[in-house]
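Asker: What follows is work31.cif, mmCIF, C-alpha atoms (C1' of nucleotides).
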data_coords
#
loop_
_atom_site.label_atom_id
_atom_site.label_comp_id
_atom_site.auth_asym_id
_atom_site.auth_seq_id
_atom_site.Cartn_x
_atom_site.Cartn_y
_atom_site.Cartn_z
CA MET A 748 109.84 98.39 79.36
CA ASP A 749 108.86 95.08 80.88
CA THR A 750 106.29 92.52 79.85
CA THR A 751 103.43 94.06 81.83
CA ALA A 752 104.13 97.52 80.45
CA ARG A 753 104.14 96.07 76.94
CA LYS A 754 100.89 94.27 77.51
CA ASN A 755 99.35 97.47 78.79
CA SER A 756 100.57 99.43 75.80
CA LEU A 757 99.04 96.76 73.58
CA LYS A 758 95.74 97.08 75.44
CA ARG A 759 95.80 100.82 75.09
CA PHE A 760 96.56 100.49 71.39
CA PHE A 761 93.59 98.19 70.95
CA LYS A 762 91.35 100.45 73.05
CA LYS A 763 92.29 103.37 70.81
CA HIS A 764 92.44 101.74 67.37
CA ARG A 765 90.15 98.75 67.88
CA ARG A 766 92.68 96.45 66.27
CA LEU A 767 96.01 94.87 67.06
CA PRO A 768 99.14 96.56 65.74
CA SER A 769 101.25 94.81 63.15
CA TYR A 770 104.70 93.54 64.09
CA SER A 771 106.30 96.64 62.61
CA GLU A 772 103.98 98.83 64.64
CA MET A 773 104.77 96.87 67.80
CA LEU A 774 108.39 97.51 67.08
CA HIS A 775 107.92 101.20 67.72
CA LEU A 776 105.33 100.58 70.41
CA PHE A 777 107.75 98.49 72.44
CA GLY A 778 110.86 100.47 71.60
CA LEU A 779 112.62 97.62 69.83
CA SER A 780 114.51 97.55 66.58
CA SER A 781 114.13 94.01 65.31
CA LYS A 782 110.90 92.42 64.17
CA ASN A 783 112.19 89.11 65.39
CA ALA A 784 112.20 90.40 68.96
CA VAL A 785 108.52 91.18 68.57
CA PHE A 786 107.97 87.80 67.00
CA LYS A 787 109.37 86.04 70.05
CA ILE A 788 107.42 88.18 72.49
CA VAL A 789 104.21 87.51 70.63
CA GLN A 790 104.90 83.77 70.60
CA ARG A 791 105.28 83.80 74.36
CA TRP A 792 102.00 85.66 74.71
CA ILE A 793 100.29 83.15 72.47
CA ALA A 794 101.65 80.32 74.61
CA GLU A 795 100.23 81.87 77.75
CA GLY A 796 96.87 82.62 76.15
CA PHE A 797 97.05 86.39 75.98
CA LEU A 798 96.93 86.38 72.19
CA LYS A 799 96.04 83.76 69.63
CA LYS A 800 96.77 83.05 66.01
CA GLU A 801 94.74 81.58 63.16
CA GLY A 802 97.13 80.84 60.36
CA ARG A 803 99.29 83.93 60.36
CA LYS A 804 96.50 86.15 61.64
CA LEU A 805 97.00 87.54 65.10
CA ALA A 806 94.05 88.22 67.40
CA PRO A 807 93.43 88.90 71.08
CA THR A 808 91.97 86.21 73.28
CA SER A 809 89.16 86.77 75.74
CA ARG A 810 91.77 87.11 78.48
CA PHE A 811 93.20 90.06 76.58
CA PHE A 812 90.06 92.09 77.26
CA SER A 813 89.00 90.62 80.53
CA LEU A 814 89.01 92.16 83.95
CA PRO A 815 89.81 90.13 87.04
CA LEU A 816 86.65 88.97 88.77
CA LEU A 817 87.07 88.85 92.51
CA GLY A 818 84.98 87.83 95.46
CA LEU A 819 84.78 89.86 98.61
CA VAL A 820 86.57 88.26 101.52
CA LYS A 821 86.02 90.05 104.80
CA ALA A 822 89.47 89.18 106.05
CA GLY A 823 91.50 90.90 103.36
CA PHE A 824 91.77 92.45 99.98
CA PRO A 825 89.47 90.52 97.72
CA ILE A 826 91.93 88.79 95.45
CA LEU A 827 91.54 85.12 94.86
CA SER A 828 94.52 82.87 94.54
CA GLU A 829 96.13 83.06 91.12
CA GLU A 830 94.81 79.69 90.03
CA ASP A 831 91.24 80.45 91.06
CA LYS A 832 91.30 83.89 89.54
CA LYS A 833 88.55 84.34 87.03
CA TYR A 834 88.46 86.82 84.23
CA LEU A 835 85.43 88.31 82.63
CA THR A 836 85.01 90.13 79.37
CA LEU A 837 82.01 92.37 79.88
CA ASP A 838 80.99 92.50 76.27
CA ASP A 839 81.09 88.72 75.91
CA TYR A 840 79.43 88.28 79.25
CA LEU A 841 76.53 90.60 78.53
CA ILE A 842 75.98 90.35 74.81
CA GLU A 843 75.52 86.88 73.46
CA ASP A 844 74.18 87.78 70.02
CA PRO A 845 74.95 91.38 69.04
CA VAL A 846 72.76 91.14 65.97
CA SER A 847 69.50 90.48 67.80
CA SER A 848 70.23 92.58 70.88
CA PHE A 849 69.45 96.16 71.70
CA LEU A 850 69.45 98.39 74.74
CA LEU A 851 66.51 100.01 76.43
CA THR A 852 66.45 102.82 78.94
CA VAL A 853 64.10 101.94 81.75
CA SER A 854 61.34 104.39 82.54
CA GLY A 855 59.10 104.10 85.54
CA ASP A 856 59.38 102.26 88.81
CA SER A 857 57.28 99.19 88.08
CA LEU A 858 60.23 96.83 88.47
CA HIS A 859 61.68 98.58 91.50
CA GLU A 860 61.46 95.65 93.88
CA ILE A 861 63.64 93.44 91.72
CA GLY A 862 66.27 96.14 91.53
CA ILE A 863 65.52 97.65 88.14
CA PHE A 864 65.27 101.39 88.51
CA GLU A 865 64.33 104.32 86.33
CA GLY A 866 67.30 105.24 84.15
CA ASP A 867 68.85 101.79 84.21
CA ILE A 868 69.78 100.25 80.90
CA VAL A 869 68.60 96.77 80.07
CA VAL A 870 69.97 94.47 77.40
CA VAL A 871 67.06 93.06 75.42
CA GLU A 872 67.30 90.11 73.09
CA ARG A 873 64.70 90.02 70.35
CA ARG A 874 62.59 86.87 70.51
CA LYS A 875 59.00 85.75 70.47
CA ASN A 876 58.93 83.29 73.33
CA ALA A 877 59.75 83.51 77.00
CA LEU A 878 59.31 81.54 80.17
CA PRO A 879 57.28 82.59 83.21
CA GLY A 880 59.63 84.51 85.47
CA ASP A 881 61.43 86.22 82.61
CA ILE A 882 61.41 89.97 82.40
CA VAL A 883 59.99 90.69 78.99
CA LEU A 884 59.49 93.51 76.57
CA ALA A 885 55.88 92.87 75.70
CA GLU A 886 52.97 94.36 73.84
CA ILE A 887 49.78 93.99 75.83
CA ASP A 888 46.59 95.19 74.18
CA ARG A 889 48.64 97.39 71.81
CA GLU A 890 50.67 98.95 74.61
CA TRP A 891 54.41 98.37 75.01
CA THR A 892 55.85 97.69 78.40
CA LEU A 893 58.60 96.06 80.41
CA LYS A 894 57.20 93.61 82.93
CA ILE A 895 57.59 90.18 84.49
CA LEU A 896 55.93 87.36 82.61
CA ARG A 897 53.82 85.11 84.82
CA ARG A 898 51.42 82.23 84.36
CA ASP A 899 48.18 82.13 86.32
CA ARG A 900 48.05 78.83 88.18
CA LEU A 901 44.29 78.60 88.06
CA ASN A 902 43.44 79.21 84.43
CA ASN A 903 46.94 78.71 82.98
CA ARG A 904 46.88 82.06 81.21
CA LEU A 905 49.92 84.29 80.79
CA TYR A 906 49.88 87.76 82.29
CA LEU A 907 52.26 90.54 83.14
CA ALA A 908 53.26 91.45 86.67
CA SER A 909 55.08 94.42 88.12
CA ALA A 910 57.63 94.28 90.88
CA ASN A 911 56.08 97.11 92.79
CA SER A 912 53.15 96.58 95.11
CA LYS A 913 51.46 99.75 93.97
CA TYR A 914 50.80 98.34 90.50
CA PRO A 915 48.29 95.59 89.77
CA PRO A 916 48.95 92.63 87.47
CA PHE A 917 47.99 93.06 83.84
CA TYR A 918 45.81 90.42 82.23
CA PRO A 919 45.59 90.84 78.48
CA GLN A 920 42.12 91.69 77.20
CA THR A 921 42.80 90.74 73.63
CA GLU A 922 46.43 89.90 73.01
CA LEU A 923 49.85 89.59 74.62
CA THR A 924 52.92 89.49 72.40
CA ILE A 925 56.46 88.91 73.58
CA HIS A 926 59.00 90.94 71.64
CA GLY A 927 62.10 90.27 73.65
CA ILE A 928 63.50 89.22 76.97
CA VAL A 929 65.78 91.13 79.30
CA LYS A 930 69.13 89.40 79.57
CA ALA A 931 70.96 91.87 81.75
CA VAL A 932 70.60 95.07 83.76
CA ILE A 933 73.21 97.79 83.75
CA ARG A 934 73.43 100.79 86.00
CA LYS A 935 76.13 103.38 85.79
CA LEU A 936 76.75 105.09 89.09
CA ARG A 937 79.33 107.79 88.51
CA ASN A 938 81.27 109.36 85.70
CA MET B 1055 73.06 88.58 50.56
CA ASP B 1056 72.31 92.22 51.08
CA THR B 1057 74.25 94.93 52.90
CA THR B 1058 72.69 94.29 56.29
CA ALA B 1059 73.30 90.57 56.08
CA ARG B 1060 76.91 91.26 55.19
CA LYS B 1061 77.34 93.64 58.07
CA ASN B 1062 75.89 91.05 60.39
CA SER B 1063 78.21 88.36 59.11
CA LEU B 1064 81.10 90.75 59.70
CA LYS B 1065 79.93 91.35 63.26
CA ARG B 1066 79.64 87.64 63.87
CA PHE B 1067 83.11 87.10 62.47
CA PHE B 1068 84.53 89.72 64.80
CA LYS B 1069 82.61 88.30 67.73
CA LYS B 1070 84.09 84.88 67.01
CA HIS B 1071 87.65 85.76 66.00
CA ARG B 1072 88.12 89.13 67.73
CA ARG B 1073 89.51 90.63 64.55
CA LEU B 1074 88.30 91.78 61.16
CA PRO B 1075 88.63 89.36 58.26
CA SER B 1076 91.00 90.18 55.43
CA TYR B 1077 89.56 91.03 52.03
CA SER B 1078 90.13 87.48 50.83
CA GLU B 1079 88.29 86.16 53.86
CA MET B 1080 85.42 88.57 53.25
CA LEU B 1081 85.27 87.20 49.74
CA HIS B 1082 84.15 83.84 51.04
CA LEU B 1083 82.19 85.41 53.88
CA PHE B 1084 80.07 87.45 51.49
CA GLY B 1085 79.89 84.87 48.74
CA LEU B 1086 81.71 86.96 46.15
CA SER B 1087 84.47 86.07 43.76
CA SER B 1088 86.37 89.29 43.21
CA LYS B 1089 88.39 91.11 45.81
CA ASN B 1090 87.50 94.35 44.12
CA ALA B 1091 83.83 93.85 44.97
CA VAL B 1092 84.86 93.61 48.63
CA PHE B 1093 87.04 96.67 48.23
CA LYS B 1094 84.12 98.76 47.03
CA ILE B 1095 81.80 97.49 49.75
CA VAL B 1096 84.37 98.28 52.42
CA GLN B 1097 84.88 101.77 51.01
CA ARG B 1098 81.17 102.43 51.28
CA TRP B 1099 81.21 101.24 54.87
CA ILE B 1100 84.11 103.50 55.66
CA ALA B 1101 82.23 106.44 54.14
CA GLU B 1102 79.24 105.80 56.36
CA GLY B 1103 81.33 105.29 59.49
CA PHE B 1104 80.85 101.58 60.03
CA LEU B 1105 84.53 100.86 59.52
CA LYS B 1106 87.61 103.03 59.42
CA LYS B 1107 91.07 102.90 57.95
CA GLU B 1108 94.46 104.06 59.15
CA GLY B 1109 96.81 103.85 56.21
CA ARG B 1110 95.86 100.52 54.73
CA LYS B 1111 94.84 99.06 58.08
CA LEU B 1112 91.15 98.33 58.46
CA ALA B 1113 89.43 98.61 61.83
CA PRO B 1114 85.90 98.78 63.20
CA THR B 1115 84.50 102.05 64.48
CA SER B 1116 82.60 102.42 67.73
CA ARG B 1117 79.40 102.19 65.74
CA PHE B 1118 80.47 98.75 64.59
CA PHE B 1119 80.17 97.39 68.12
CA SER B 1120 77.41 99.54 69.43
CA LEU B 1121 73.89 98.51 70.14
CA PRO B 1122 70.97 100.82 69.46
CA LEU B 1123 69.83 102.53 72.63
CA LEU B 1124 66.12 103.00 72.65
CA GLY B 1125 63.57 104.55 74.92
CA LEU B 1126 60.31 102.89 75.75
CA VAL B 1127 57.38 104.58 74.09
CA LYS B 1128 54.05 103.21 75.18
CA ALA B 1129 52.47 103.87 71.83
CA GLY B 1130 54.65 101.63 69.71
CA PHE B 1131 57.81 99.69 69.26
CA PRO B 1132 60.50 101.67 71.00
CA ILE B 1133 62.61 102.74 68.08
CA LEU B 1134 63.60 106.35 67.90
CA SER B 1135 63.77 108.15 64.61
CA GLU B 1136 66.93 107.41 62.70
CA GLU B 1137 68.50 110.76 63.48
CA ASP B 1138 67.80 110.59 67.20
CA LYS B 1139 68.98 107.01 67.46
CA LYS B 1140 71.79 106.63 69.92
CA TYR B 1141 74.33 103.88 69.98
CA LEU B 1142 76.19 102.56 72.94
CA THR B 1143 79.25 100.38 73.16
CA LEU B 1144 78.94 98.61 76.47
CA ASP B 1145 82.62 98.11 77.05
CA ASP B 1146 83.39 101.77 76.39
CA TYR B 1147 80.39 102.83 78.44
CA LEU B 1148 81.23 100.76 81.49
CA ILE B 1149 85.01 100.60 81.57
CA GLU B 1150 86.79 103.89 81.43
CA ASP B 1151 90.24 102.70 82.43
CA PRO B 1152 90.72 98.95 81.99
CA VAL B 1153 94.07 99.01 83.74
CA SER B 1154 92.78 100.25 87.10
CA SER B 1155 89.40 98.51 87.02
CA PHE B 1156 88.31 95.17 88.33
CA LEU B 1157 85.08 93.33 88.97
CA LEU B 1158 83.64 92.23 92.25
CA THR B 1159 80.88 89.75 92.94
CA VAL B 1160 78.51 91.17 95.51
CA SER B 1161 77.83 89.10 98.59
CA GLY B 1162 75.18 89.94 101.14
CA ASP B 1163 72.10 92.12 101.02
CA SER B 1164 73.41 95.26 102.68
CA LEU B 1165 72.89 97.36 99.55
CA HIS B 1166 69.53 95.83 98.69
CA GLU B 1167 67.53 99.02 98.85
CA ILE B 1168 69.59 100.77 96.22
CA GLY B 1169 69.16 97.83 93.87
CA ILE B 1170 72.45 96.02 94.39
CA PHE B 1171 71.75 92.38 95.09
CA GLU B 1172 73.71 89.34 96.10
CA GLY B 1173 75.39 87.87 93.01
CA ASP B 1174 75.46 91.15 91.09
CA ILE B 1175 78.76 92.20 89.60
CA VAL B 1176 80.11 95.66 90.27
CA VAL B 1177 82.79 97.50 88.33
CA VAL B 1178 85.27 98.92 90.81
CA GLU B 1179 87.86 101.53 89.96
CA ARG B 1180 90.90 101.57 92.19
CA ARG B 1181 91.34 104.91 93.94
CA LYS B 1182 91.95 106.34 97.36
CA ASN B 1183 89.39 109.11 97.52
CA ALA B 1184 85.63 109.25 97.20
CA LEU B 1185 82.76 111.60 97.82
CA PRO B 1186 79.94 111.09 100.28
CA GLY B 1187 77.21 109.24 98.45
CA ASP B 1188 79.61 107.06 96.50
CA ILE B 1189 79.44 103.32 96.90
CA VAL B 1190 82.92 102.35 97.97
CA LEU B 1191 85.07 99.33 98.47
CA ALA B 1192 86.47 100.19 101.87
CA GLU B 1193 88.51 98.77 104.70
CA ILE B 1194 87.00 99.66 108.03
CA ASP B 1195 88.92 98.57 111.12
CA ARG B 1196 90.76 95.93 109.04
CA GLU B 1197 87.58 94.53 107.54
CA TRP B 1198 86.78 94.80 103.85
CA THR B 1199 83.31 95.74 102.76
CA LEU B 1200 81.14 97.33 100.10
CA LYS B 1201 79.08 100.19 101.51
CA ILE B 1202 77.85 103.70 100.96
CA LEU B 1203 80.20 106.45 102.08
CA ARG B 1204 78.54 109.12 104.19
CA ARG B 1205 79.57 112.11 106.21
CA ASP B 1206 78.09 112.72 109.65
CA ARG B 1207 76.62 116.22 109.63
CA LEU B 1208 77.24 116.75 113.32
CA ASN B 1209 80.85 115.81 113.81
CA ASN B 1210 81.88 115.85 110.14
CA ARG B 1211 83.31 112.34 110.35
CA LEU B 1212 83.10 109.82 107.49
CA TYR B 1213 81.27 106.57 108.08
CA LEU B 1214 79.83 103.69 106.09
CA ALA B 1215 76.13 103.13 105.63
CA SER B 1216 74.16 100.17 104.33
CA ALA B 1217 71.13 100.41 102.12
CA ASN B 1218 69.15 97.97 104.18
CA SER B 1219 67.28 99.06 107.29
CA LYS B 1220 68.26 95.95 109.20
CA TYR B 1221 71.92 96.99 109.28
CA PRO B 1222 73.29 99.85 111.38
CA PRO B 1223 75.77 102.45 110.12
CA PHE B 1224 79.43 101.68 110.67
CA TYR B 1225 81.57 104.29 112.36
CA PRO B 1226 85.26 103.46 112.17
CA GLN B 1227 86.87 102.79 115.55
CA THR B 1228 90.40 103.24 114.34
CA GLU B 1229 90.64 103.69 110.60
CA LEU B 1230 88.64 103.87 107.38
CA THR B 1231 90.42 103.42 104.06
CA ILE B 1232 88.88 103.81 100.64
CA HIS B 1233 90.26 101.35 98.09
CA GLY B 1234 87.95 101.95 95.18
CA ILE B 1235 84.60 103.24 94.09
CA VAL B 1236 81.81 101.40 92.33
CA LYS B 1237 81.30 102.81 88.87
CA ALA B 1238 78.63 100.46 87.60
CA VAL B 1239 76.37 97.59 88.57
CA ILE B 1240 75.75 94.63 86.31
CA ARG B 1241 73.20 91.91 86.71
CA LYS B 1242 72.78 89.03 84.34
CA LEU B 1243 69.30 87.64 84.34
CA ARG B 1244 69.27 84.66 82.04
CA ASN B 1245 71.61 82.57 79.95
"C1'" DT C 587 63.48 99.97 24.83
"C1'" DG C 588 67.25 102.24 25.81
"C1'" DA C 589 70.23 104.61 28.99
"C1'" DC C 590 72.68 104.89 32.96
"C1'" DA C 591 74.16 103.86 37.37
"C1'" DA C 592 75.25 100.22 40.70
"C1'" DA C 593 77.37 95.83 41.68
"C1'" DG C 594 80.48 92.30 40.52
"C1'" DT C 595 84.46 89.89 37.76
"C1'" DG C 596 89.38 88.94 36.78
"C1'" DA C 597 93.95 89.89 36.47
"C1'" DA C 598 98.04 92.38 37.70
"C1'" DC C 599 101.03 95.00 41.19
"C1'" DA C 600 103.77 97.13 44.73
"C1'" DA C 601 103.91 97.18 49.61
"C1'" DT C 602 103.78 95.00 53.77
"C1'" DT C 603 103.09 91.09 56.31
"C1'" DG C 604 104.72 87.24 59.42
"C1'" DT C 605 108.45 84.06 59.47
"C1'" DT C 606 113.08 82.10 59.28
"C1'" DT C 607 118.05 81.87 59.94
"C1'" DA C 608 122.36 83.32 61.93
"C1'" DC C 609 124.50 86.12 65.06
"C1'" DT C 610 125.31 89.31 69.39
"C1'" DA C 611 124.39 91.26 73.97
"C1'" DT C 612 122.56 90.86 78.44
"C1'" DA C 613 121.42 88.64 82.61
"C1'" DC C 614 121.53 84.44 85.91
"C1'" DT C 615 123.27 80.69 88.14
"C1'" DT C 616 126.60 77.66 90.54
"C1'" DA D 1171 134.79 83.15 86.03
"C1'" DA D 1172 132.76 80.12 83.12
"C1'" DG D 1173 128.49 78.35 81.24
"C1'" DT D 1174 123.96 78.89 79.78
"C1'" DA D 1175 119.64 80.44 79.08
"C1'" DT D 1176 117.07 84.78 77.75
"C1'" DA D 1177 116.39 88.94 75.02
"C1'" DG D 1178 117.53 91.57 71.15
"C1'" DT D 1179 119.73 92.69 66.27
"C1'" DA D 1180 120.02 92.32 61.22
"C1'" DA D 1181 119.00 90.76 56.89
"C1'" DA D 1182 116.54 88.01 53.63
"C1'" DC D 1183 112.05 85.62 51.93
"C1'" DA D 1184 107.74 83.83 50.32
"C1'" DA D 1185 103.03 84.76 51.07
"C1'" DT D 1186 99.43 87.71 51.46
"C1'" DT D 1187 97.75 92.14 51.73
"C1'" DG D 1188 95.09 96.19 49.95
"C1'" DT D 1189 94.77 98.59 45.67
"C1'" DT D 1190 94.18 99.70 40.74
"C1'" DC D 1191 92.59 99.17 35.97
"C1'" DA D 1192 89.60 97.54 32.41
"C1'" DC D 1193 85.66 95.07 31.58
"C1'" DT D 1194 80.87 92.67 32.27
"C1'" DT D 1195 76.51 91.89 34.43
"C1'" DT D 1196 72.46 93.34 36.76
"C1'" DG D 1197 68.94 96.34 38.06
"C1'" DT D 1198 66.19 100.83 37.66
"C1'" DC D 1199 63.61 104.23 35.78
"C1'" DA D 1200 62.07 107.48 32.19
#
Could I get this file's structure written as structure tokens?

Answerer:
Amino acid sequence: MDTTARKNSLKRFFKKHRRLPSYSEMLHLFGLSSKNAVFKIVQRWIAEGFLKKEGRKLAPTSRFFSLPLLGLVKAGFPILSEEDKKYLTLDDYLIEDPVSSFLLTVSGDSLHEIGIFEGDIVVVERRKNALPGDIVLAEIDREWTLKILRRDRLNNRLYLASANSKYPPFYPQTELTIHGIVKAVIRKLRN
Amino acid sequence: MDTTARKNSLKRFFKKHRRLPSYSEMLHLFGLSSKNAVFKIVQRWIAEGFLKKEGRKLAPTSRFFSLPLLGLVKAGFPILSEEDKKYLTLDDYLIEDPVSSFLLTVSGDSLHEIGIFEGDIVVVERRKNALPGDIVLAEIDREWTLKILRRDRLNNRLYLASANSKYPPFYPQTELTIHGIVKAVIRKLRN
DNA sequence: TGACAAAGTGAACAATTGTTTACTATACTT
DNA sequence: AAGTATAGTAAACAATTGTTCACTTTGTCA
């Protein structure tokens, strides 16, 4: 069992148990018989940034979870040079503040032209303010909706716009309240 | 500090350190002065499925990480009744097999009409076969590209199609190799 | 007001943790 | 073949862990 295989078995352990194994557990996981062997392996992984330690507490780094992020090069397989390789942890990338975030299933085709389709999932962050151009979860005249926030250049009023030419803009009759802004769009294509 | 506040501080701790705090750490985290108080709180959380325990090892459950998944109801704030509430863990939802998956930044507008834009990130799973209709990472006549796989009804041959009327379909001159299929599309809208 | 459950305190305990030290086996290099 | 890193074994250790027991405080409701 080489280093890569051990790293993968660690990842699978974390995926299954949602925690890192203790040194004694790694012993069996890696097929070793001395805790000190594990100790040395872990130290190497800490040095290369695969794991980290606070005091004597072991934890994964962001690289532990991350997937390689590649760019598409027409000439060949899209792998960047090792030094330029970037890694991305989806959860970190998408969810900044898990406490104030929630997900929303998109219904309707009013945002179709900006690539938000029925059935997509959007990550919404709860907040009261937004900037023109943001896609917002808003309450307009007591009706909840997902639209683009815009500011009318003439009278400086805020209104809601669709991204589908068959829907008109919505100017609030009485009130317009922002409840959250869309931070990300997610679409799953195949199981 | 009530239960919800404590749960949130636990989530923030995990978000920051990528591990659960020990009981002694929770002591300070929750503003308590007896480990036994923490012990009882944790036991309650285990009972309700927020945390779990294997032996004496504490770990978060999937609910710990998950965000509430809501549907948009025009009449009011889009929260489903407690029993119907669904939770989704993004990482679990998007990445089935972390070992064979990677991310790709989309370049070009050839998939624009199916809502995949330049700069979007797609989750690609390495594999050699795909079905017509799948969005594939393919090598066509030694050129790498991201397109829709289709089968010509007349001659039964596979070819690649764009989702943008200004691009023609691509019929392979010599060879067409599938290297992976797109499982999900991700777009980040605002920092 | 009194009763009773829920929430927290404080101290003690065995088990397990990560770490250290000393030694052995395996693999590489020149 | 000799020399030298690298990888693994074995045993011992203090520190910290999760747990238990007995007790006190706080809040709730009849």

Asker: Find the residue from C:DT603, C:DT595, C:DT610, C:DT615 that sits nearest to chain B; use all atoms listed in the file when measuring.

Answerer: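 For chain B, the nearest of the candidates is C:DT595.
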
Asker: Run the PyMOL selection byres ((chain A and resi 861) around 12) against the file shown and list the residues it catches, as a PyMOL selection string.

Answerer: (chain A and resi 856-860+862-864+880-882+894-895+908-912+932) or (chain B and resi 1166-1172+1241+1243)

Asker: Report, in Å with one decimal, the straight-line distance from CA of Glu1179 in chain B to CA of Thr1115 in chain B.

Answerer: 25.7 Å

Asker: Check what the PyMOL selection byres ((chain B) within 9 of (chain C)) selects in the file above and give those residues as a PyMOL selection string.

Answerer: chain B and resi 1086-1088+1090-1091

Asker: Name the residues that the PyMOL selection byres ((chain A and resi 809) around 12) picks from the file above, as a list in words, using the file's chain letters and numbers.

Answerer: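 Answer for the PyMOL selection byres ((chain A and resi 809) around 12): Gly796, Phe797, Leu798, Lys799, Ala806, Pro807, Thr808, Arg810, Phe811, Phe812, Ser813, Leu814, Pro815, Lys833, Tyr834, Leu835, Thr836, Leu837, Asp838, Asp839 and Tyr840 of chain A; Lys1069, Lys1070, His1071, Arg1072 and Arg1073 of chain B.
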
Asker: Would you tabulate, counting all atoms listed in the file, all residues of chain D that have an atom at most 12 Å from an atom of chain B, showing the closest pair of atoms and their distance in Å to one decimal, sorted by chain then ascending number, as CSV?

Answerer:
residue,atom,partner,partner_atom,distance
D:DT1186,C1',B:Ser1078,CA,9.3
D:DT1187,C1',B:Ser1076,CA,7.9
D:DG1188,C1',B:Arg1110,CA,6.5
D:DT1189,C1',B:Phe1093,CA,8.4
D:DT1190,C1',B:Asn1090,CA,9.2
D:DC1191,C1',B:Asn1090,CA,10.8

Asker: What gap, in Å, lies between CA of Pro1226 in chain B and CA of Val1178 in chain B?

Answerer: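 Here the two named atoms are 21.8 Å from each other.
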
Asker: Taking (85.2, 94.7, 89.5) in the file's own coordinates, collect the residues within 10 Å, counting only C-alpha atoms (C1' of nucleotides), and hand them back as a list in words.

Answerer: Leu814, Pro815, Leu816, Leu817, Gly818 and Leu835 of chain A; Ile1149, Ser1154, Ser1155, Phe1156, Leu1157, Leu1158, Thr1159, Val1160, Ile1175, Val1176, Val1177, Val1178, Glu1179, Arg1180, Gly1234, Ile1235, Val1236, Lys1237, Ala1238, Val1239 and Ile1240 of chain B

Asker: One decimal, Å: what's the distance from CA of Met748 in chain A over to CA of Phe761 in chain A, could you say?

Answerer: 18.3 Å

Asker: Have a look at A:Leu776, A:Leu923, A:Val789, A:Val846 and name the one nearest to chain B; count all atoms listed in the file.

Answerer: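 The answer is A:Val846, which sits nearest to chain B.
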
Asker: Taking only C-alpha atoms into account, which of A:Leu774, A:Val785, A:Leu907, A:Leu841 comes nearest chain B?

Answerer: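 With only C-alpha atoms as the atom set, the closest residue is A:Leu841.
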
Asker: Could you work out an axis-aligned bounding box for all listed atoms of range 1190-1196 of chain D, with 8 Å added on each of the six sides, and give its centre and edge lengths in Å to one decimal, as JSON?

Answerer:
{"center_x": 83.3, "center_y": 95.8, "center_z": 36.2, "size_x": 37.7, "size_y": 23.8, "size_z": 25.2}

Asker: From the options B:Glu1079, B:Asp1206, B:Glu1229, B:Asp1056, which residue's atoms come nearest to chain A, counting only C-alpha atoms?

Answerer: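 Closest to chain A, using only C-alpha atoms: B:Glu1079.
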
Asker: Can you work out which one of A:Lys758, A:Arg898, A:Arg874, A:Arg791 has the shortest atom-to-atom distance to chain B, counting only C-alpha atoms?

Answerer: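 With only C-alpha atoms as the atom set, the closest residue is A:Lys758.
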
Asker: Ranking A:Asn876, A:Asn903, A:Gln920, A:Ser854 by minimum distance to chain B and counting only C-alpha atoms, which one comes first?

Answerer: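 Nearest candidate to chain B out of A:Asn876, A:Asn903, A:Gln920, A:Ser854: A:Ser854.
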